[in-house]
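Here's the structure we're looking at; comments come further down.
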Amino acid sequence: MSQDSTSKLEEVGGSTEDLGAGARFVLYVSAAVKEAKPKAVFRAHLTQGNWSGTVSSEDPILQTDGMSGNFELKVDYSEPPADFIAPLDGPSDIGCNENCFSIIEIRIDGEKLFYETVWDAGCSQ
C-alpha cells in the first residue's frame with residue numbers, strides 16, 4: 001500500500017483498518033486546487049449497473065455495500081456564485097476490489113482542472 005495513498009485517505013478522515021465491506025472511493029482535492037478554487041465543490045458520480053453513488057469534496061468518502069469491479073465515472077464541479085456545473089477531463093471509469101479503496105484526485109495544471117484515478121490504492125489482506 002502506497003504511503004502517499006494512505007496519507008490521502010487519512011487526510012480526508014478515512015482509515016485502512018476497516019476495509020473489506022465493499023469498494024471504497026475517496027475524492028481527494030490537491031492543495032494547489034484548494035488554493036486556486038477555494039469555494040469550488042467537486043463531485044464524482046459513480047455507476048455500476050442499477051447502482052449509483054456520489055462522492056464530493058464536502059463528503060469525500062463513499063463506501064459501497066459489498067460491491068467491487070469497474071464503475072463508470074464522471075466528475076464535475078461548481079463554484080459560487082455561478083450555478084453552472086462544469087465537467088472535468090479524466091478517465092471514464094475506475095476499478096476497485098471489495099477490500100480496497102480507490103482515489104479520484106482533482107488536480108490543476110496552470111488554469112486547467114482535471115482528475116486522475118488510482119485503482120486499488122490500498123487494500124486489506
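Each chain in the C-alpha cells gets a letter, A, B, ..., in the order shown, and its residues are numbered from 1; ligands are numbered from 1 in order too.
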
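When the distance limit is 10 Å and only C-alpha atoms are what count, the residues near Gln125 (chain A), minus those fewer than 4 positions from it on the same chain, are Leu19, Gly20, Asn99 and Cys100 of chain A.
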
Just the residues within 12 Å of Ala82 (chain A), please, counting only C-alpha atoms, with nothing from its chain fewer than 5 positions along; format it as JSON, numbers by chain.
{"A": [39, 40, 41, 77]}

For region 54-69 of chain A, find every residue with an atom within 6 Å (counting only C-alpha atoms), except residues of its own chain fewer than 4 positions away, and show them as a short mmCIF file (atom, residue, chain, number, x, y, z; two decimals) with N, CA and C atoms, in the first residue's frame.
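Saved the output as part_15.cif:
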```
data_model
loop_
_atom_site.label_atom_id
_atom_site.label_comp_id
_atom_site.auth_asym_id
_atom_site.auth_seq_id
_atom_site.Cartn_x
_atom_site.Cartn_y
_atom_site.Cartn_z
N ALA A 21 -15.53 -4.22 3.37
CA ALA A 21 -17.00 -4.29 3.31
C ALA A 21 -17.54 -3.92 1.93
N GLY A 22 -16.65 -3.66 0.99
CA GLY A 22 -17.04 -3.24 -0.35
C GLY A 22 -16.11 -2.16 -0.83
N ALA A 23 -16.15 -1.91 -2.12
CA ALA A 23 -15.28 -0.88 -2.71
C ALA A 23 -15.51 0.45 -2.01
N ARG A 24 -14.41 1.15 -1.75
CA ARG A 24 -14.48 2.48 -1.13
C ARG A 24 -13.81 3.47 -2.07
N PHE A 25 -14.47 4.60 -2.27
CA PHE A 25 -13.93 5.64 -3.15
C PHE A 25 -13.63 6.89 -2.34
N VAL A 26 -12.48 7.49 -2.63
CA VAL A 26 -12.03 8.69 -1.94
C VAL A 26 -11.84 9.79 -2.97
N LEU A 27 -12.47 10.94 -2.73
CA LEU A 27 -12.26 12.11 -3.57
C LEU A 27 -11.25 13.00 -2.86
N VAL A 41 -16.93 23.21 -5.29
CA VAL A 41 -17.39 21.92 -4.79
C VAL A 41 -17.22 20.92 -5.93
N PHE A 42 -16.45 19.87 -5.68
CA PHE A 42 -16.17 18.84 -6.67
C PHE A 42 -17.01 17.60 -6.35
N ARG A 43 -17.50 16.94 -7.41
CA ARG A 43 -18.32 15.74 -7.25
C ARG A 43 -17.87 14.68 -8.25
N ALA A 44 -17.80 13.44 -7.77
CA ALA A 44 -17.53 12.29 -8.64
C ALA A 44 -18.77 11.41 -8.60
N HIS A 45 -19.34 11.14 -9.76
CA HIS A 45 -20.54 10.33 -9.89
C HIS A 45 -20.13 8.95 -10.41
N GLY A 95 -11.76 1.31 -11.17
CA GLY A 95 -11.98 -0.01 -10.61
C GLY A 95 -11.60 -0.06 -9.15
N CYS A 96 -12.26 -0.97 -8.43
CA CYS A 96 -11.94 -1.13 -7.01
C CYS A 96 -12.43 -2.50 -6.55
N ASN A 97 -11.56 -3.24 -5.87
CA ASN A 97 -11.95 -4.51 -5.26
C ASN A 97 -12.68 -4.24 -3.96
N GLU A 98 -13.41 -5.24 -3.47
CA GLU A 98 -14.24 -5.01 -2.28
C GLU A 98 -13.45 -4.83 -1.00
#
```

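The nearest approach to Val33 (chain A) among the residues A:Asp18, A:Glu111, A:Trp119, A:Ser124, with only C-alpha atoms taken into account, belongs to A:Glu111.
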
I want to know what sits within 10 Å of Ser92 (chain A), based on only C-alpha atoms, with residues of the same chain fewer than 6 positions away left out; could you give that as a ChimeraX atom specification?
/A:46,71-75,117

Take the residues from that selection and put them in a file with C-alpha atoms, as a PDB file, in the first residue's frame.
```pdb
ATOM      1  CA  LEU A  46     -20.082   6.552  -9.992  1.00  0.00           C
ATOM      2  CA  PHE A  71     -17.511   1.681 -12.180  1.00  0.00           C
ATOM      3  CA  GLU A  72     -18.387   4.367 -14.726  1.00  0.00           C
ATOM      4  CA  LEU A  73     -17.060   7.735 -13.592  1.00  0.00           C
ATOM      5  CA  LYS A  74     -17.980  11.353 -14.295  1.00  0.00           C
ATOM      6  CA  VAL A  75     -16.507  14.275 -12.369  1.00  0.00           C
ATOM      7  CA  THR A 117      -7.559   7.915 -10.713  1.00  0.00           C
TER       8      THR A 117
END
```

Please return as a VMD selection string: the residues of chain A that backbone DSSP assigns to strand (DSSP E or B).
chain A and resid 24 to 29 41 to 48 51 to 56 61 to 63 69 to 78 86 to 87 89 93 to 96 100 to 109 112 to 123

Write a file of the just-selected residues containing C-alpha atoms, as an mmCIF file, in the first residue's frame.
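See again17.cif below for the written result:
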```
data_model
loop_
_atom_site.group_PDB
_atom_site.id
_atom_site.type_symbol
_atom_site.label_atom_id
_atom_site.label_comp_id
_atom_site.auth_asym_id
_atom_site.auth_seq_id
_atom_site.Cartn_x
_atom_site.Cartn_y
_atom_site.Cartn_z
ATOM 1 C CA ARG A 24 -14.481 2.484 -1.127
ATOM 2 C CA PHE A 25 -13.928 5.638 -3.150
ATOM 3 C CA VAL A 26 -12.027 8.686 -1.936
ATOM 4 C CA LEU A 27 -12.262 12.112 -3.571
ATOM 5 C CA TYR A 28 -9.019 13.961 -2.904
ATOM 6 C CA VAL A 29 -8.600 17.622 -3.857
ATOM 7 C CA VAL A 41 -17.389 21.924 -4.793
ATOM 8 C CA PHE A 42 -16.173 18.839 -6.673
ATOM 9 C CA ARG A 43 -18.316 15.741 -7.251
ATOM 10 C CA ALA A 44 -17.532 12.294 -8.640
ATOM 11 C CA HIS A 45 -20.543 10.328 -9.891
ATOM 12 C CA LEU A 46 -20.082 6.552 -9.992
ATOM 13 C CA THR A 47 -22.390 3.981 -11.575
ATOM 14 C CA GLN A 48 -22.369 0.208 -11.932
ATOM 15 C CA TRP A 51 -26.382 1.297 -8.614
ATOM 16 C CA SER A 52 -25.144 4.878 -8.473
ATOM 17 C CA GLY A 53 -23.403 6.972 -5.853
ATOM 18 C CA THR A 54 -21.721 10.337 -5.485
ATOM 19 C CA VAL A 55 -18.669 11.353 -3.502
ATOM 20 C CA SER A 56 -17.866 15.047 -3.100
ATOM 21 C CA ILE A 61 -15.535 9.063 1.203
ATOM 22 C CA LEU A 62 -18.091 6.742 -0.396
ATOM 23 C CA GLN A 63 -18.360 3.192 0.950
ATOM 24 C CA GLY A 69 -15.299 -4.187 -10.107
ATOM 25 C CA ASN A 70 -15.360 -1.402 -12.665
ATOM 26 C CA PHE A 71 -17.511 1.681 -12.180
ATOM 27 C CA GLU A 72 -18.387 4.367 -14.726
ATOM 28 C CA LEU A 73 -17.060 7.735 -13.592
ATOM 29 C CA LYS A 74 -17.980 11.353 -14.295
ATOM 30 C CA VAL A 75 -16.507 14.275 -12.369
ATOM 31 C CA ASP A 76 -17.774 17.851 -12.249
ATOM 32 C CA TYR A 77 -17.581 20.957 -10.110
ATOM 33 C CA SER A 78 -19.443 24.142 -9.328
ATOM 34 C CA ALA A 86 -18.647 22.201 -15.312
ATOM 35 C CA PRO A 87 -17.361 18.726 -16.241
ATOM 36 C CA ASP A 89 -11.470 15.845 -18.075
ATOM 37 C CA ASP A 93 -14.047 4.569 -15.354
ATOM 38 C CA ILE A 94 -12.400 3.424 -12.142
ATOM 39 C CA GLY A 95 -11.981 -0.009 -10.612
ATOM 40 C CA CYS A 96 -11.942 -1.128 -7.013
ATOM 41 C CA CYS A 100 -9.733 -1.798 -1.240
ATOM 42 C CA PHE A 101 -10.043 1.942 -1.656
ATOM 43 C CA SER A 102 -9.520 3.837 -4.892
ATOM 44 C CA ILE A 103 -8.700 7.528 -5.242
ATOM 45 C CA ILE A 104 -10.128 10.173 -7.546
ATOM 46 C CA GLU A 105 -7.719 13.103 -7.328
ATOM 47 C CA ILE A 106 -8.604 16.599 -8.528
ATOM 48 C CA ARG A 107 -5.522 18.340 -9.958
ATOM 49 C CA ILE A 108 -4.662 21.570 -11.733
ATOM 50 C CA ASP A 109 -2.129 22.409 -14.444
ATOM 51 C CA LYS A 112 -6.805 23.619 -16.410
ATOM 52 C CA LEU A 113 -8.595 21.459 -13.848
ATOM 53 C CA PHE A 114 -8.592 17.693 -14.406
ATOM 54 C CA TYR A 115 -8.686 14.465 -12.432
ATOM 55 C CA GLU A 116 -6.659 11.279 -12.210
ATOM 56 C CA THR A 117 -7.559 7.915 -10.713
ATOM 57 C CA VAL A 118 -5.644 5.368 -8.654
ATOM 58 C CA TRP A 119 -7.329 1.968 -8.753
ATOM 59 C CA ASP A 120 -6.947 -0.172 -5.625
ATOM 60 C CA ALA A 121 -4.748 2.464 -3.993
ATOM 61 C CA GLY A 122 -4.743 0.431 -0.770
ATOM 62 C CA CYS A 123 -6.207 -2.928 0.247
#
```

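CA of Glu79 (chain A) lies 20.4 Å from CA of Val12 (chain A).
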
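Using only C-alpha atoms, the nearest neighbour of Lys37 (chain A) within the list A:Pro80, A:Glu10, A:Leu88, A:Ser15 is A:Pro80.
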
Alpha helix (DSSP H) residues, from DSSP on the backbone, in chain A, as a PyMOL selection string
chain A and resi 3-11+31-36
